[in-house]
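Chemist: Just start_20.cif, nothing more (mmCIF, C-alpha atoms and all ligand atoms):
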data_protein
#
loop_
_atom_site.label_atom_id
_atom_site.label_comp_id
_atom_site.auth_asym_id
_atom_site.auth_seq_id
_atom_site.Cartn_x
_atom_site.Cartn_y
_atom_site.Cartn_z
CA MET A 150 0.00 0.00 0.00
CA ARG A 151 2.80 2.43 0.95
CA ARG A 152 4.47 1.52 -2.28
CA LEU A 153 1.32 2.32 -4.26
CA ILE A 154 0.85 5.66 -2.45
CA ALA A 155 4.49 6.60 -3.08
CA VAL A 156 4.25 5.84 -6.78
CA LEU A 157 0.92 7.72 -7.08
CA LEU A 158 2.36 10.73 -5.25
CA ILE A 159 5.36 10.80 -7.52
CA LEU A 160 3.17 10.50 -10.57
CA MET A 161 0.93 13.40 -9.42
CA ILE A 162 3.85 15.71 -8.69
CA SER A 163 5.61 14.79 -11.88
CA GLN A 164 2.48 15.39 -13.95
CA ALA A 165 2.50 18.99 -12.79
CA CYS A 166 6.02 19.50 -14.08
CA ALA A 167 6.46 17.07 -16.95
CA ALA A 168 5.00 13.77 -17.99
CA VAL A 169 6.76 10.74 -16.44
CA SER A 170 6.96 7.78 -18.76
CA LEU A 171 6.03 4.31 -17.59
CA ALA A 172 9.68 3.26 -17.86
CA GLU A 173 10.69 6.15 -15.60
CA ALA A 174 7.97 5.25 -13.08
CA ASP A 175 9.42 1.71 -12.96
CA GLU A 176 12.89 3.13 -12.29
CA ILE A 177 11.56 5.47 -9.59
CA GLU A 178 9.92 2.50 -7.92
CA ASN A 179 13.38 0.95 -7.44
CA TYR A 180 13.91 3.68 -4.81
CA THR A 181 10.41 4.41 -3.46
CA ARG A 182 9.25 0.87 -2.74
CA TYR A 183 11.12 0.87 0.57
CA THR A 184 10.02 4.21 2.02
CA ASP A 185 8.00 7.30 1.10
CA TYR A 186 9.82 10.18 -0.53
CA VAL A 187 10.04 11.90 -3.90
CA PRO A 188 13.26 11.22 -5.80
CA ARG A 189 14.52 13.60 -8.46
CA ALA A 190 16.28 12.81 -11.70
CA ALA A 191 20.07 13.05 -11.31
CA ASP A 192 22.10 15.92 -12.63
CA PRO A 193 24.88 13.92 -14.34
CA VAL A 194 28.48 15.06 -13.88
CA GLY A 195 30.37 12.44 -15.94
CA LEU A 196 34.13 11.87 -16.16
CA ILE A 197 36.43 14.59 -14.78
CA PRO A 198 39.81 14.42 -16.58
CA GLY A 199 43.04 14.56 -14.56
CA THR A 200 46.66 14.65 -15.70
CA ASN A 201 47.22 10.87 -15.56
CA ASN A 202 44.87 9.20 -17.98
CA ARG A 203 46.14 5.68 -17.15
CA THR A 204 44.55 5.78 -13.68
CA LEU A 205 40.88 6.15 -12.81
CA VAL A 206 39.22 6.82 -9.46
CA ALA A 207 35.52 5.87 -9.38
CA TRP A 208 33.45 6.61 -6.29
CA PHE A 209 29.90 6.80 -5.02
CA SER A 210 28.69 8.97 -2.12
CA ARG A 211 25.34 10.04 -0.76
CA VAL A 212 26.52 13.55 -1.65
CA GLY A 213 26.00 13.89 -5.40
CA ASN A 214 23.13 11.39 -5.25
CA THR A 215 20.80 13.16 -2.83
CA VAL A 216 18.86 16.41 -2.82
CA PHE A 217 19.49 17.34 0.81
CA TYR A 218 17.07 19.34 2.93
CA PRO A 219 18.55 22.84 3.38
CA ASP A 220 18.80 22.23 7.15
CA VAL A 221 20.39 18.76 6.93
CA ASP A 222 22.24 17.98 10.17
CA VAL A 223 25.85 17.32 9.21
CA VAL A 224 26.99 16.64 12.76
CA SER A 225 24.62 13.76 13.47
CA THR A 226 24.63 12.43 9.91
CA ALA A 227 27.64 10.16 9.77
CA SER A 228 27.85 10.21 6.02
CA LEU A 229 28.48 13.94 5.57
CA GLN A 230 31.50 16.21 5.96
CA ILE A 231 32.15 19.89 5.29
CA ASP A 232 35.30 20.40 3.21
CA ALA A 233 37.88 23.21 3.43
CA ASP A 234 35.73 25.41 1.14
CA GLY A 235 32.66 24.92 3.36
CA LYS A 236 30.96 22.58 0.87
CA LEU A 237 28.99 19.46 1.80
CA THR A 238 31.17 16.46 0.92
CA GLY A 239 30.71 12.69 1.06
CA ASN A 240 33.28 10.46 2.73
CA ALA A 241 33.98 8.45 -0.42
CA GLN A 242 34.08 11.70 -2.39
CA MET A 243 36.68 13.14 0.01
CA ILE A 244 38.85 9.99 -0.10
CA ALA A 245 38.58 9.84 -3.91
CA GLY A 246 39.75 13.46 -4.03
CA TRP A 247 42.90 12.60 -2.04
CA ILE A 248 43.67 9.64 -4.33
CA ALA A 249 43.22 11.86 -7.39
CA GLU A 250 45.46 14.48 -5.79
CA ALA A 251 48.20 11.85 -5.23
CA THR A 252 47.91 10.18 -8.65
CA GLY A 253 46.58 12.84 -11.04
CA ALA A 254 43.92 10.29 -11.99
CA ASP A 255 40.76 10.87 -14.00
CA VAL A 256 37.75 10.84 -11.67
CA PHE A 257 34.38 9.22 -12.30
CA PRO A 258 31.60 10.06 -9.82
CA ILE A 259 29.12 7.18 -9.94
CA GLN A 260 25.58 8.56 -9.99
CA THR A 261 22.28 6.76 -9.97
CA ALA A 262 19.56 7.89 -12.37
CA TRP A 263 17.36 8.93 -9.41
CA THR A 264 18.29 10.46 -6.08
CA TYR A 265 18.20 8.92 -2.59
CA PRO A 266 16.29 10.41 0.40
CA SER A 267 17.78 13.31 2.34
CA ASP A 268 16.87 11.54 5.58
CA TYR A 269 19.69 9.16 6.67
CA ASP A 270 17.41 6.48 8.13
CA GLN A 271 15.29 6.45 4.98
CA THR A 272 18.45 6.05 2.89
CA VAL A 273 19.45 3.09 5.05
CA ALA A 274 16.02 1.53 4.47
CA VAL A 275 16.27 2.07 0.71
CA GLY A 276 19.90 0.91 0.47
CA GLU A 277 19.28 -2.25 2.49
CA GLY A 278 16.15 -3.06 0.53
CA GLN A 279 17.98 -2.68 -2.74
CA ASP A 280 20.68 -5.07 -1.57
CA ILE A 281 18.32 -7.69 -0.15
CA ASP A 282 16.21 -7.62 -3.33
CA GLN A 283 19.30 -7.35 -5.59
CA VAL A 284 17.58 -4.48 -7.39
CA GLU A 285 18.93 -3.47 -10.80
CA LEU A 286 19.37 0.32 -10.90
CA LYS A 287 20.05 2.53 -13.87
CA LEU A 288 23.05 4.85 -13.51
CA ALA A 289 22.85 8.47 -14.64
CA THR A 290 25.94 8.04 -16.84
CA TYR A 291 28.24 5.17 -17.73
CA PRO A 292 31.96 5.54 -18.40
CA GLU A 293 32.51 5.38 -22.14
CA ASP A 294 35.78 3.52 -22.60
CA LEU A 295 38.02 2.21 -19.83
CA SER A 296 40.48 0.37 -22.07
CA ASP A 297 43.35 2.87 -21.59
CA TYR A 298 43.39 2.60 -17.79
CA ASN A 299 45.97 0.36 -16.06
CA SER A 300 44.76 1.08 -12.54
CA VAL A 301 41.29 1.67 -11.18
CA TRP A 302 40.63 2.84 -7.62
CA LEU A 303 37.13 2.10 -6.36
CA VAL A 304 35.98 4.06 -3.31
CA VAL A 305 33.04 2.13 -1.91
CA PRO A 306 30.73 3.08 0.98
CA ILE A 307 29.62 -0.09 2.78
CA TRP A 308 25.84 -0.43 2.72
CA HIS A 309 24.09 -3.27 4.50
CA TYR A 310 27.42 -5.01 5.29
CA THR A 311 28.42 -5.20 1.64
CA ILE A 312 29.04 -3.24 -1.56
CA CYS A 313 26.39 -0.54 -2.08
CA THR A 314 24.04 -1.19 -4.98
CA PRO A 315 25.22 1.75 -7.15
CA LEU A 316 28.80 0.37 -7.07
CA ARG A 317 27.49 -3.10 -7.93
CA MET A 318 25.69 -1.58 -10.93
CA PHE A 319 28.88 0.19 -11.99
CA LEU A 320 30.86 -3.06 -11.85
CA GLU A 321 28.14 -4.96 -13.71
CA SER A 322 28.46 -2.44 -16.53
CA THR A 323 32.26 -2.56 -16.84
CA ASP A 324 34.97 -5.07 -17.69
CA LEU A 325 38.12 -4.32 -15.71
CA SER A 326 40.08 -7.34 -17.00
CA GLY A 327 43.84 -6.86 -17.06
CA LYS A 328 43.72 -3.89 -14.69
CA THR A 329 44.85 -3.52 -11.09
CA VAL A 330 41.79 -2.62 -9.03
CA TYR A 331 42.44 -1.00 -5.64
CA VAL A 332 39.45 -1.36 -3.33
CA VAL A 333 38.99 1.36 -0.71
CA THR A 334 35.96 1.12 1.56
CA THR A 335 34.43 3.70 3.88
CA HIS A 336 32.13 2.54 6.66
CA ARG A 337 30.82 2.86 10.21
CA GLY A 338 32.47 -0.26 11.57
CA SER A 339 32.23 -2.96 8.90
CA GLY A 340 35.77 -2.42 7.58
CA PHE A 341 36.20 -4.07 4.18
CA ALA A 342 33.17 -6.36 4.80
CA ASP A 343 33.09 -8.73 1.78
CA VAL A 344 33.74 -6.00 -0.79
CA PRO A 345 37.16 -7.10 -2.16
CA GLU A 346 35.82 -10.64 -2.68
CA ARG A 347 32.66 -9.38 -4.38
CA VAL A 348 34.66 -7.07 -6.65
CA GLN A 349 36.90 -10.02 -7.59
CA GLU A 350 33.81 -12.17 -8.36
CA MET A 351 32.38 -9.46 -10.61
CA GLU A 352 35.75 -8.71 -12.24
CA PRO A 353 37.46 -12.12 -12.54
CA GLY A 354 40.05 -10.83 -15.01
CA ALA A 355 41.28 -8.03 -12.74
CA GLN A 356 43.91 -8.11 -10.02
CA VAL A 357 41.92 -6.91 -7.01
CA ILE A 358 43.79 -5.45 -4.03
CA ALA A 359 42.13 -4.72 -0.67
CA ALA A 360 43.86 -1.37 -0.22
CA LEU A 361 42.30 0.66 2.60
CA SER A 362 39.20 0.80 4.78
CA VAL A 363 38.49 4.27 6.17
CA PRO A 364 35.99 4.93 8.98
CA GLY A 365 33.47 7.48 7.73
CA ASN A 366 32.83 9.30 11.01
CA ASP A 367 36.39 10.67 11.15
CA ALA A 368 37.38 10.37 7.50
CA PRO A 369 39.21 13.77 7.42
CA LYS A 370 41.77 12.43 9.94
CA HIS A 371 42.83 9.71 7.48
CA ARG A 372 44.16 11.95 4.70
CA ASP A 373 47.86 11.27 5.38
CA GLU A 374 47.26 7.52 5.68
CA VAL A 375 45.55 7.50 2.28
CA LEU A 376 48.25 9.64 0.62
CA ASP A 377 51.02 7.43 2.14
CA TYR A 378 49.31 4.25 0.96
CA VAL A 379 49.02 5.55 -2.59
CA LYS A 380 52.64 6.72 -2.61
CA ASN A 381 54.08 3.50 -1.19
CA ASN A 382 51.86 0.79 -2.68
CA MET A 383 50.66 1.79 -6.11
CA LYS A 384 52.26 -0.29 -8.86
C1 LIG A 401 22.22 2.91 3.21
C2 LIG A 401 23.38 2.85 4.16
C3 LIG A 401 23.75 1.64 4.72
C4 LIG A 401 24.90 1.56 5.51
N1 LIG A 401 25.29 0.34 6.00
C5 LIG A 401 26.47 0.25 6.67
C6 LIG A 401 26.94 -1.03 7.14
O1 LIG A 401 26.32 -2.06 6.94
N2 LIG A 401 28.12 -1.06 7.80
C7 LIG A 401 28.87 0.06 8.06
O2 LIG A 401 29.92 -0.03 8.65
N3 LIG A 401 28.44 1.29 7.62
C8 LIG A 401 27.26 1.40 6.94
N4 LIG A 401 26.82 2.63 6.51
C9 LIG A 401 27.66 3.83 6.77
C10 LIG A 401 28.46 4.26 5.55
O3 LIG A 401 29.18 3.19 4.98
C11 LIG A 401 29.43 5.37 5.91
O4 LIG A 401 28.76 6.42 6.55
C12 LIG A 401 30.22 5.87 4.72
O5 LIG A 401 31.35 6.60 5.17
C13 LIG A 401 29.37 6.73 3.82
O6 LIG A 401 30.11 7.23 2.74
P1 LIG A 401 29.59 8.46 1.86
O7 LIG A 401 29.58 9.68 2.73
O8 LIG A 401 30.61 8.60 0.78
O9 LIG A 401 28.23 8.14 1.33
C14 LIG A 401 25.66 2.73 5.77
C15 LIG A 401 25.24 3.95 5.25
C16 LIG A 401 24.11 4.02 4.46
C17 LIG A 401 23.68 5.36 3.90
#
Could you take the file, read its structure, and then write that structure out as structure tokens?
Modeler:
Amino acid sequence: MRRLIAVLLILMISQACAAVSLAEADEIENYTRYTDYVPRAADPVGLIPGTNNRTLVAWFSRVGNTVFYPDVDVVSTASLQIDADGKLTGNAQMIAGWIAEATGADVFPIQTAWTYPSDYDQTVAVGEGQDIDQVELKLATYPEDLSDYNSVWLVVPIWHYTICTPLRMFLESTDLSGKTVYVVTTHRGSGFADVPERVQEMEPGAQVIAALSVPGNDAPKHRDEVLDYVKNNMK
């Protein structure tokens, strides 16, 4: 019933702005079937070129995939940080930025076609539901050609004790055979969980390295550790 109400609400609001196709309504339902909120279509960013086009950093964060309430509580919301410029930043986003700084890598922000709830607990409900049901999500953009990259860094927030669904969708859409894949997780206690093993299962032709797991609640304190790891361990 909640699911039906959510879809009807979305359809009514969307009708006022623009017609939502049936295919889009199906995609929206991949988010709204777990809790009531109104997702918005993503604003795709796409690949950001660096100076080293043999290395790629791909990451997913709530930031960049959520339309936050203006008064969102950063302090009690473990997944959010404020960066040096005063901008809202995700933990994975921050860690990916350090890796890009150390390597000059191209950066690919993974974005889902539709946004997640501003409310943290609702996002947990949606994220866990998507994992349990192994939902297939559409991404807002897909990387065009990864063949030139030797190394790929994946910065993965742990959701529901495993790889978050958007990262799973990214890996299902790519073939990283022949590349070295560095797995970096960010979490609230689960460490690496089973992410390196799941990445290896999805990318059997890649050499997968469990590189770093960074606690999200104090991510900014781990900058030097991340930069040192990249400097001392990257092949
Ligand atoms: C939907 C959801 C589920 C989560 N599940 C877990 C979990 O099972 N284990 C854990 O340690 N942290 C979990 N977390 C915490 C995040 O992994 C952590 O806050 C991470 O640093 C978020 O990164 P981000 O700011 O880049 O999105 C979860 C967070 C969300 C939003």
Chemist: Which protein, DNA or RNA residues have an atom within 7 Å of ligand LIG 401 (chain A), counting all atoms listed in the file, as a PyMOL selection string?
Modeler: chain A and resi 209-212+227-229+239-242+269+272-277+306-311+335-340+364-366
Chemist: How would you write as number ranges by chain the residues that get within 7 Å of (33.4, -3.0, -13.6) in the file's frame, counting all atoms listed in the file?
Modeler: A: 319-325, 352
Chemist: Do a neighbour search on A:Gly327 at 8 Å with only C-alpha atoms, toss out local chain neighbours closer than 6 positions, and write the hits as a ChimeraX atom specification.
Modeler: /A:299,354-356
Chemist: Show which residues sit within 7 Å of A:Ala360, as a list in words. Count all atoms listed in the file, and ignore same-chain residues fewer than 3 positions away.
Modeler: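 Neighbouring residues, sequence-local ones excluded: Tyr331, Val332 and Val333 of chain A.
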Chemist: Could you take the residues named above and write them with C-alpha atoms, as a tab-separated table (two decimals), in the coordinates of the input?
Modeler:
chain	number	residue	atom	x	y	z
A	331	TYR	CA	42.44	-1.00	-5.64
A	332	VAL	CA	39.45	-1.36	-3.33
A	333	VAL	CA	38.99	1.36	-0.71
Chemist: Kindly provide, as a list in words, the polymer residues lying within 6 Å of (20.1, 7.3, -13.7), counting all atoms listed in the file and using the coordinates exactly as they appear in the file.
Modeler: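 Those residues, ordered by chain and then number, are Thr261, Ala262, Trp263, Lys287, Leu288 and Ala289 of chain A.
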Chemist: Between atom CA of A:Ala245 and atom CA of A:Val284, what is the spacing in Å?
Modeler: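 Separation between atom CA of A:Val284 and atom CA of A:Ala245: 25.7 Å.
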Chemist: Could you check how far atom CA of A:Asp294 sits from atom CA of A:Gly246, in Å to one decimal?
Modeler: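 Taking atom CA of A:Asp294 as the start and atom CA of A:Gly246 as the end point, the length is 21.4 Å.
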Chemist: To one decimal place in Å, what is the distance between atom CA of A:Asp234 and atom CA of A:Thr334?
Modeler: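 Between atom CA of A:Asp234 and atom CA of A:Thr334 the gap works out to 24.3 Å.
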Chemist: Just want the 8 Å neighbourhood of stretch 199-204 of chain A, counted on all atoms listed in the file, with same-chain residues fewer than 6 positions away dropped. Output as a PyMOL selection string.
Modeler: chain A and resi 249+252-256+297-302
Chemist: Name all residues at most 9 Å from A:Gln230 (count all atoms listed in the file; drop same-chain ones fewer than 6 positions away) and give them as a list in words.
Modeler: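 The filter keeps Val223, Val224, Lys236, Leu237, Thr238, Gly239, Asn240, Met243, Asn366, Ala368 and Pro369 of chain A.
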Chemist: Given the choices A:Leu196, A:Val344, A:Val357, A:Ile244, which gets closest to A:Lys370 if the distance is worked out from only C-alpha atoms?
Modeler: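 Going through A:Leu196, A:Val344, A:Val357, A:Ile244 one by one, the smallest distance to A:Lys370 is for A:Ile244.
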Chemist: Using all atoms listed in the file, which of A:Asn179, A:Asn381, A:Ser362, A:Thr215 sits nearest A:Tyr265?
Modeler: A:Thr215
Chemist: Could you check which of A:Ala207, A:Val330, A:Val348, A:Gln271 is closest to A:Met383, using only C-alpha atoms?
Modeler: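 Of all the options, A:Val330 lies closest to A:Met383.
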Chemist: Extract, using all atoms listed in the file, all DNA, RNA and protein residues at most 8 Å from stretch 216-219 of chain A, discarding same-chain residues fewer than 5 positions from it, and format them as a ChimeraX atom specification.
Modeler: /A:189,264-268
Chemist: Kindly provide, as lines of an AutoDock Vina configuration file, the centre and edge lengths (Å, one decimal) of an axis-aligned box around all atoms of stretch 257-272 of chain A given in the file, with 3 Å on each side.
Modeler:
center_x = 24.8
center_y = 9.7
center_z = -2.1
size_x = 25.1
size_y = 13.3
size_z = 26.5
Chemist: Taking the partial coordinates given, rebuild stretch 326-360 of chain A to contain N, CA and C atoms; return it as a CSV table (one decimal), in the frame of the given file.
Modeler:
chain,number,residue,atom,x,y,z
A,326,SER,N,39.1,-6.3,-16.8
A,326,SER,CA,40.1,-7.3,-17.0
A,326,SER,C,41.4,-6.7,-17.3
A,327,GLY,N,42.5,-7.3,-16.8
A,327,GLY,CA,43.8,-6.9,-17.1
A,327,GLY,C,44.3,-5.7,-16.2
A,328,LYS,N,43.4,-5.1,-15.5
A,328,LYS,CA,43.7,-3.9,-14.7
A,328,LYS,C,44.0,-4.3,-13.2
A,329,THR,N,44.7,-3.4,-12.5
A,329,THR,CA,44.8,-3.5,-11.1
A,329,THR,C,43.7,-2.7,-10.5
A,330,VAL,N,42.9,-3.3,-9.6
A,330,VAL,CA,41.8,-2.6,-9.0
A,330,VAL,C,42.1,-2.5,-7.5
A,331,TYR,N,42.2,-1.3,-7.1
A,331,TYR,CA,42.4,-1.0,-5.6
A,331,TYR,C,41.1,-0.7,-5.0
A,332,VAL,N,40.7,-1.5,-4.0
A,332,VAL,CA,39.4,-1.4,-3.3
A,332,VAL,C,39.7,-0.6,-2.0
A,333,VAL,N,39.0,0.6,-1.9
A,333,VAL,CA,39.0,1.4,-0.7
A,333,VAL,C,37.5,1.4,-0.2
A,334,THR,N,37.3,1.0,1.0
A,334,THR,CA,36.0,1.1,1.6
A,334,THR,C,35.9,2.3,2.6
A,335,THR,N,34.7,2.8,2.8
A,335,THR,CA,34.4,3.7,3.9
A,335,THR,C,33.2,3.2,4.6
A,336,HIS,N,33.1,3.3,5.9
A,336,HIS,CA,32.1,2.5,6.7
A,336,HIS,C,31.9,3.1,8.0
A,337,ARG,N,31.0,2.5,8.8
A,337,ARG,CA,30.8,2.9,10.2
A,337,ARG,C,31.2,1.7,11.1
A,338,GLY,N,32.1,0.8,10.7
A,338,GLY,CA,32.5,-0.3,11.6
A,338,GLY,C,32.7,-1.6,10.8
A,339,SER,N,32.2,-1.7,9.6
A,339,SER,CA,32.2,-3.0,8.9
A,339,SER,C,33.6,-3.2,8.2
A,340,GLY,N,34.5,-2.2,8.2
A,340,GLY,CA,35.8,-2.4,7.6
A,340,GLY,C,35.6,-2.7,6.1
A,341,PHE,N,36.3,-3.7,5.6
A,341,PHE,CA,36.2,-4.1,4.2
A,341,PHE,C,34.9,-4.9,3.9
A,342,ALA,N,34.3,-5.4,5.0
A,342,ALA,CA,33.2,-6.4,4.8
A,342,ALA,C,33.6,-7.4,3.7
A,343,ASP,N,32.7,-7.7,2.8
A,343,ASP,CA,33.1,-8.7,1.8
A,343,ASP,C,33.4,-8.1,0.4
A,344,VAL,N,33.7,-6.7,0.5
A,344,VAL,CA,33.7,-6.0,-0.8
A,344,VAL,C,34.9,-6.5,-1.7
A,345,PRO,N,36.1,-6.7,-1.2
A,345,PRO,CA,37.2,-7.1,-2.2
A,345,PRO,C,36.8,-8.4,-2.8
A,346,GLU,N,36.2,-9.4,-2.1
A,346,GLU,CA,35.8,-10.6,-2.7
A,346,GLU,C,34.7,-10.5,-3.7
A,347,ARG,N,33.8,-9.6,-3.4
A,347,ARG,CA,32.7,-9.4,-4.4
A,347,ARG,C,33.2,-8.7,-5.6
A,348,VAL,N,34.1,-7.7,-5.5
A,348,VAL,CA,34.7,-7.1,-6.6
A,348,VAL,C,35.4,-8.1,-7.5
A,349,GLN,N,36.2,-9.0,-6.8
A,349,GLN,CA,36.9,-10.0,-7.6
A,349,GLN,C,35.9,-11.0,-8.3
A,350,GLU,N,34.8,-11.3,-7.7
A,350,GLU,CA,33.8,-12.2,-8.4
A,350,GLU,C,33.3,-11.5,-9.6
A,351,MET,N,33.0,-10.2,-9.5
A,351,MET,CA,32.4,-9.5,-10.6
A,351,MET,C,33.4,-9.1,-11.7
A,352,GLU,N,34.7,-9.1,-11.3
A,352,GLU,CA,35.8,-8.7,-12.2
A,352,GLU,C,36.8,-9.8,-12.2
A,353,PRO,N,36.5,-11.0,-12.7
A,353,PRO,CA,37.5,-12.1,-12.5
A,353,PRO,C,38.8,-11.9,-13.3
A,354,GLY,N,38.8,-11.0,-14.3
A,354,GLY,CA,40.0,-10.8,-15.0
A,354,GLY,C,40.9,-9.7,-14.4
A,355,ALA,N,40.5,-9.1,-13.3
A,355,ALA,CA,41.3,-8.0,-12.7
A,355,ALA,C,42.1,-8.5,-11.6
A,356,GLN,N,43.2,-7.8,-11.2
A,356,GLN,CA,43.9,-8.1,-10.0
A,356,GLN,C,43.4,-7.2,-8.9
A,357,VAL,N,42.6,-7.7,-8.0
A,357,VAL,CA,41.9,-6.9,-7.0
A,357,VAL,C,42.7,-6.9,-5.7
A,358,ILE,N,43.0,-5.6,-5.3
A,358,ILE,CA,43.8,-5.4,-4.0
A,358,ILE,C,42.9,-4.8,-3.0
A,359,ALA,N,42.8,-5.4,-1.8
A,359,ALA,CA,42.1,-4.7,-0.7
A,359,ALA,C,43.1,-3.7,-0.1
A,360,ALA,N,42.9,-2.4,-0.5
A,360,ALA,CA,43.9,-1.4,-0.2
A,360,ALA,C,43.6,-0.7,1.2
